[in-house]
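Everything on this sheet refers to the single structure shown next.
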Amino acid sequence: MNSSKKVEVLVGALFLMAILAFVFLALNVSNFSGLSSNKGYKVTAQFNNIGGLSTKAKVTMSGVTVGRVTAISYDKKSFRAVVTMTIDPSFDYLPEDSQASIYTAGLLGEQYISLETGAEDASLTEGSNISLTQSAVVLEEIIGKLLVSFTTK
Amino acid sequence: MSGLINFLQRLGAFIIDGMAGLGRSVTFLISVLMGFKDVLLRPRLLIREIYSVGVLSLLIIFFSAIFVGMVVSLLGYTILVDFGGEESLGLLVALTLVRELAPVLGALLFSGRAGSAVTAEIGLMKATEQLASMEMMAVDPIRRIVAPRFFAGLISLPILTIIFMAVGVYSGYLVGSEWKGVDAGSFWSQIQNKVEFRHDIINGIIKSIVFAFVVTWIAVYQGYHAMPTSEGVSKATTNSVVYSALAILGLDFVLTAMMFAS
């Protein structure tokens with residue numbers, strides 16, 4: 001093997017390694033899932049208080065992730081927070097009267113939305129609104145309530 | 001009074017020198033970039049330079065990636081285990097490597113390993129009047145010597161950074177999972193949940209492209225404008241590494257603030 005060929009082979013090997021490393025990063029080290037990441041139908045829900053909920057937070061049912069929070073805005077008329085969730089299209093059978101609650105994962109973990117199934121036959125579709133909601137638990141409020149109940153005794 | 005005038009004169013001379021240096025380096029950069037078509041016409045030159053700049057730097061990048069990944073993993077485990085959060089170890093290792101350590105350390109090592117070599121090579125060519133004799137033969141040394149080295153560096157460093165990221169994360173996984181006993185499933189799932197391909201990995205690669213541009217620019221400029229003496233070449237090589245390191249660290253803060261601060 002002459003030296004010019006050796007150089008070319010080694011440069012080729014370097015590029016191949018880079019491509020393999022890039023594929024490893026894309027598939028194993030990040031949540032890259034092609035271009036289909038935004039697929040799904042959008043559902044909105046109004047909350048009095050969303051606490052520390054942020055976009056890309058999980059939406060779960062019985063602990064199974066069924067979607068992500070895609071947008072958070074504020075409704076001027078009802079003075080409540082509007083959370084838009086994108087639900088995976090394979091979960092298209094969620095009852096219309098499902099309840100959305102904001103919970104915290106673990107003691108100090110991040111906040112997520114949990115859906116509890118209702119009993120209606122009609123199911124949630126693109127643009128539906130979840131009317132039954134339960135706001136995030138704010139620690140200060142609980143402490144305030146506790147203090148009130150202690151002092152009124 | 002004369003002291004004030006002397007001070008003003010020195011300040012003015014400093015500013016004029018600085019502006020002249022900036023102008024020289026920018027016009028030099030433009031003429032190097034104009035050599036892109038010559039590099040495309042003779043890809044063999046580019047491949048030879050990618051070999052000497054990229055392939056030969058692979059070993060040091062590989063070893064530093066292994067040890068950096070292991071150290072970050074070990075240190076992160078020690079801290080996280082106190083809070084019962086050792087499942088987040090994967091996230092810690094992946095984010096620190098992908099966002100900061102791989103682009104910055106890769107560029108620093110690259111400037112030490114390859115940038116200094118390019119500066120010394122071009123500077124010595126100038127000192128031994130090889131560049132002048134090329135000009136005598138109507139061969140433009142910027143297009144024949146400088147441009148292939150510049151573009152080879154620009155291509156090699158992002159590639160080395162990608163390899164740094166992958167090797168670092170994997171060695172962090174080996175320490176965390178095989179030695180410290182963090183659950184492998186939660187290690188990877190935390191990473192996949194929180195590390196975003198476009199926001200984290202692509203921005204890390206963009207960082208390394210910026211660093212590659214700056215490091216190779218400094219290296220070829222210092223070499224081409226070195227004093228044609230042995231002392232001048234040694235000074236140019238030192239300057240190349242020192243300026244590159246300062247530029248990398250300063251730019252890294254600016255880029256991090258722009259990319260990840262919000």
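Identifiers in the structure tokens: chain A, B, ... in order shown; residue index from 1 per chain; ligand index from 1 in order shown.
What chain B places within 7 Å of chain A, counting only C-alpha atoms, is Ile47, Arg48, Ile50, Tyr51, Val55, Ile159, Ile162, Ile163, Ala166, Ile191, Gln192, Asn193, Val195, Glu196 and Phe197 of chain B.
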Exercise for review: Mind listing the strand (DSSP E) residues of chain A, per DSSP on the backbone, as an NGL selection string?
Suggested key: :A and (41-47 or 58-61 or 64-75 or 80-87 or 99-104 or 111-116 or 129-130 or 132-134)
Can those selected residues be exported to a file as a compact mmCIF listing (two decimals), in the first residue's frame so that it contains N, CA and C atoms?
# COMPACT_ATOMS: atom_id res chain seq x y z
N TYR A 41 -52.80 14.86 17.93
CA TYR A 41 -53.87 15.86 17.94
C TYR A 41 -53.75 16.74 19.17
N LYS A 42 -54.22 17.98 19.00
CA LYS A 42 -54.05 18.98 20.05
C LYS A 42 -55.31 19.08 20.90
N VAL A 43 -55.10 19.16 22.21
CA VAL A 43 -56.19 19.26 23.17
C VAL A 43 -55.83 20.40 24.11
N THR A 44 -56.82 21.21 24.50
CA THR A 44 -56.51 22.30 25.42
C THR A 44 -57.18 22.04 26.77
N ALA A 45 -56.67 22.68 27.80
CA ALA A 45 -57.27 22.59 29.13
C ALA A 45 -56.96 23.88 29.86
N GLN A 46 -57.93 24.36 30.65
CA GLN A 46 -57.72 25.58 31.43
C GLN A 46 -57.43 25.22 32.89
N PHE A 47 -56.44 25.89 33.45
CA PHE A 47 -56.09 25.66 34.85
C PHE A 47 -56.09 27.00 35.60
N LYS A 58 -44.35 16.07 30.31
CA LYS A 58 -45.05 14.85 29.91
C LYS A 58 -46.55 14.96 30.17
N VAL A 59 -47.35 14.29 29.34
CA VAL A 59 -48.77 14.08 29.61
C VAL A 59 -48.93 12.57 29.77
N THR A 60 -49.42 12.14 30.93
CA THR A 60 -49.45 10.70 31.18
C THR A 60 -50.87 10.23 31.47
N MET A 61 -51.07 8.92 31.29
CA MET A 61 -52.30 8.25 31.73
C MET A 61 -51.87 7.02 32.48
N VAL A 64 -48.36 6.17 31.99
CA VAL A 64 -47.83 5.95 30.65
C VAL A 64 -47.83 7.28 29.90
N THR A 65 -46.69 7.63 29.29
CA THR A 65 -46.62 8.88 28.55
C THR A 65 -47.44 8.78 27.28
N VAL A 66 -48.43 9.68 27.14
CA VAL A 66 -49.26 9.66 25.93
C VAL A 66 -49.07 10.92 25.09
N GLY A 67 -48.36 11.92 25.61
CA GLY A 67 -48.18 13.14 24.83
C GLY A 67 -47.30 14.12 25.56
N ARG A 68 -47.23 15.33 25.02
CA ARG A 68 -46.38 16.38 25.58
C ARG A 68 -47.15 17.70 25.63
N VAL A 69 -46.77 18.56 26.56
CA VAL A 69 -47.33 19.91 26.58
C VAL A 69 -46.62 20.70 25.49
N THR A 70 -47.38 21.30 24.56
CA THR A 70 -46.73 22.01 23.45
C THR A 70 -46.83 23.52 23.59
N ALA A 71 -47.81 24.05 24.32
CA ALA A 71 -47.88 25.51 24.44
C ALA A 71 -48.59 25.86 25.73
N ILE A 72 -48.19 26.97 26.32
CA ILE A 72 -48.84 27.48 27.52
C ILE A 72 -49.14 28.95 27.26
N SER A 73 -50.40 29.35 27.45
CA SER A 73 -50.73 30.76 27.25
C SER A 73 -51.71 31.19 28.33
N TYR A 74 -52.16 32.43 28.26
CA TYR A 74 -53.05 32.96 29.28
C TYR A 74 -54.30 33.49 28.60
N ASP A 75 -55.46 33.08 29.11
CA ASP A 75 -56.72 33.48 28.51
C ASP A 75 -57.19 34.78 29.16
N ARG A 80 -57.49 32.53 33.16
CA ARG A 80 -56.90 31.24 33.55
C ARG A 80 -55.80 30.89 32.55
N ALA A 81 -54.93 29.98 32.98
CA ALA A 81 -53.87 29.53 32.10
C ALA A 81 -54.43 28.50 31.12
N VAL A 82 -54.04 28.59 29.85
CA VAL A 82 -54.48 27.62 28.85
C VAL A 82 -53.27 26.77 28.47
N VAL A 83 -53.40 25.46 28.68
CA VAL A 83 -52.31 24.54 28.36
C VAL A 83 -52.73 23.74 27.13
N THR A 84 -51.89 23.77 26.08
CA THR A 84 -52.15 22.98 24.88
C THR A 84 -51.27 21.74 24.92
N MET A 85 -51.92 20.58 24.77
CA MET A 85 -51.18 19.31 24.80
C MET A 85 -51.29 18.65 23.44
N THR A 86 -50.23 18.00 23.01
CA THR A 86 -50.29 17.20 21.79
C THR A 86 -50.28 15.73 22.21
N ILE A 87 -51.36 15.03 21.89
CA ILE A 87 -51.49 13.63 22.28
C ILE A 87 -51.15 12.74 21.10
N GLN A 99 -60.26 13.85 33.09
CA GLN A 99 -59.84 14.96 33.95
C GLN A 99 -58.34 15.16 33.85
N ALA A 100 -57.89 16.41 33.77
CA ALA A 100 -56.46 16.71 33.69
C ALA A 100 -56.00 17.31 35.02
N SER A 101 -54.94 16.73 35.60
CA SER A 101 -54.40 17.25 36.86
C SER A 101 -52.91 17.48 36.70
N ILE A 102 -52.41 18.48 37.40
CA ILE A 102 -50.97 18.74 37.37
C ILE A 102 -50.36 18.15 38.63
N TYR A 103 -49.43 17.23 38.45
CA TYR A 103 -48.75 16.58 39.57
C TYR A 103 -47.26 16.85 39.51
N THR A 104 -46.58 16.50 40.58
CA THR A 104 -45.13 16.64 40.62
C THR A 104 -44.51 15.26 40.68
N GLN A 111 -42.89 19.03 37.01
CA GLN A 111 -44.33 18.84 36.99
C GLN A 111 -44.79 18.27 35.66
N TYR A 112 -45.86 17.48 35.72
CA TYR A 112 -46.40 16.86 34.52
C TYR A 112 -47.92 16.84 34.63
N ILE A 113 -48.57 16.51 33.52
CA ILE A 113 -50.03 16.45 33.51
C ILE A 113 -50.46 15.00 33.52
N SER A 114 -51.39 14.67 34.39
CA SER A 114 -51.92 13.31 34.43
C SER A 114 -53.39 13.36 34.00
N LEU A 115 -53.76 12.49 33.08
CA LEU A 115 -55.16 12.43 32.64
C LEU A 115 -55.82 11.24 33.31
N GLU A 116 -57.00 11.48 33.92
CA GLU A 116 -57.78 10.36 34.47
C GLU A 116 -58.99 10.15 33.56
N ASN A 129 -61.62 20.48 24.27
CA ASN A 129 -61.22 21.17 25.48
C ASN A 129 -61.54 20.27 26.67
N ILE A 130 -60.56 20.09 27.55
CA ILE A 130 -60.79 19.31 28.76
C ILE A 130 -61.31 20.27 29.82
N LEU A 132 -62.68 19.42 32.96
CA LEU A 132 -62.40 19.06 34.35
C LEU A 132 -60.91 19.14 34.59
N THR A 133 -60.46 20.10 35.39
CA THR A 133 -59.02 20.22 35.64
C THR A 133 -58.76 20.39 37.13
N GLN A 134 -57.55 20.04 37.50
CA GLN A 134 -57.12 20.22 38.88
C GLN A 134 -55.77 20.91 38.85
**Study point:** For Ala122 of chain A, the nearest of the candidates A:Leu94, A:Ala105, A:Leu146, A:Leu53, counting only C-alpha atoms
**Key:** A:Leu94
Check your understanding: Nearest to Asp140 of chain B: which of B:Leu91, B:Leu160, B:Met34, B:Leu74 is it, counting only C-alpha atoms?
Key ->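 Of the candidates, the smallest distance to Asp140 of chain B is held by B:Met34.
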Check your understanding: What does the distance between atom CA of Leu131 of chain B and atom CA of Ser234 of chain B come to in Å, to one decimal place?
Key ->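 Taking atom CA of Leu131 of chain B as the start and atom CA of Ser234 of chain B as the end point, the length is 17.9 Å.
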Check your understanding: Which residue, A:Thr55, A:Ser90, A:Ser98, A:Thr152, has the smallest gap to Ser131 of chain A when you use only C-alpha atoms?
Key -> A:Ser98
Point to revise | Within 12 Å of Pro103 of chain B using only C-alpha atoms, minus same-chain residues under 4 positions, as a ChimeraX atom specification | key: /B:61,65,95-99,107-110,157-165,168,200-212,248-249,251-252,255-256
Check your understanding: Where does DSSP see alpha helix (DSSP H) in segment 12-84 of chain A, if you list the residues as a list in words?
Key -> Gly12, Ala13, Leu14, Phe15, Leu16, Met17, Ala18, Ile19, Leu20, Ala21, Phe22, Val23 and Phe24 of chain A
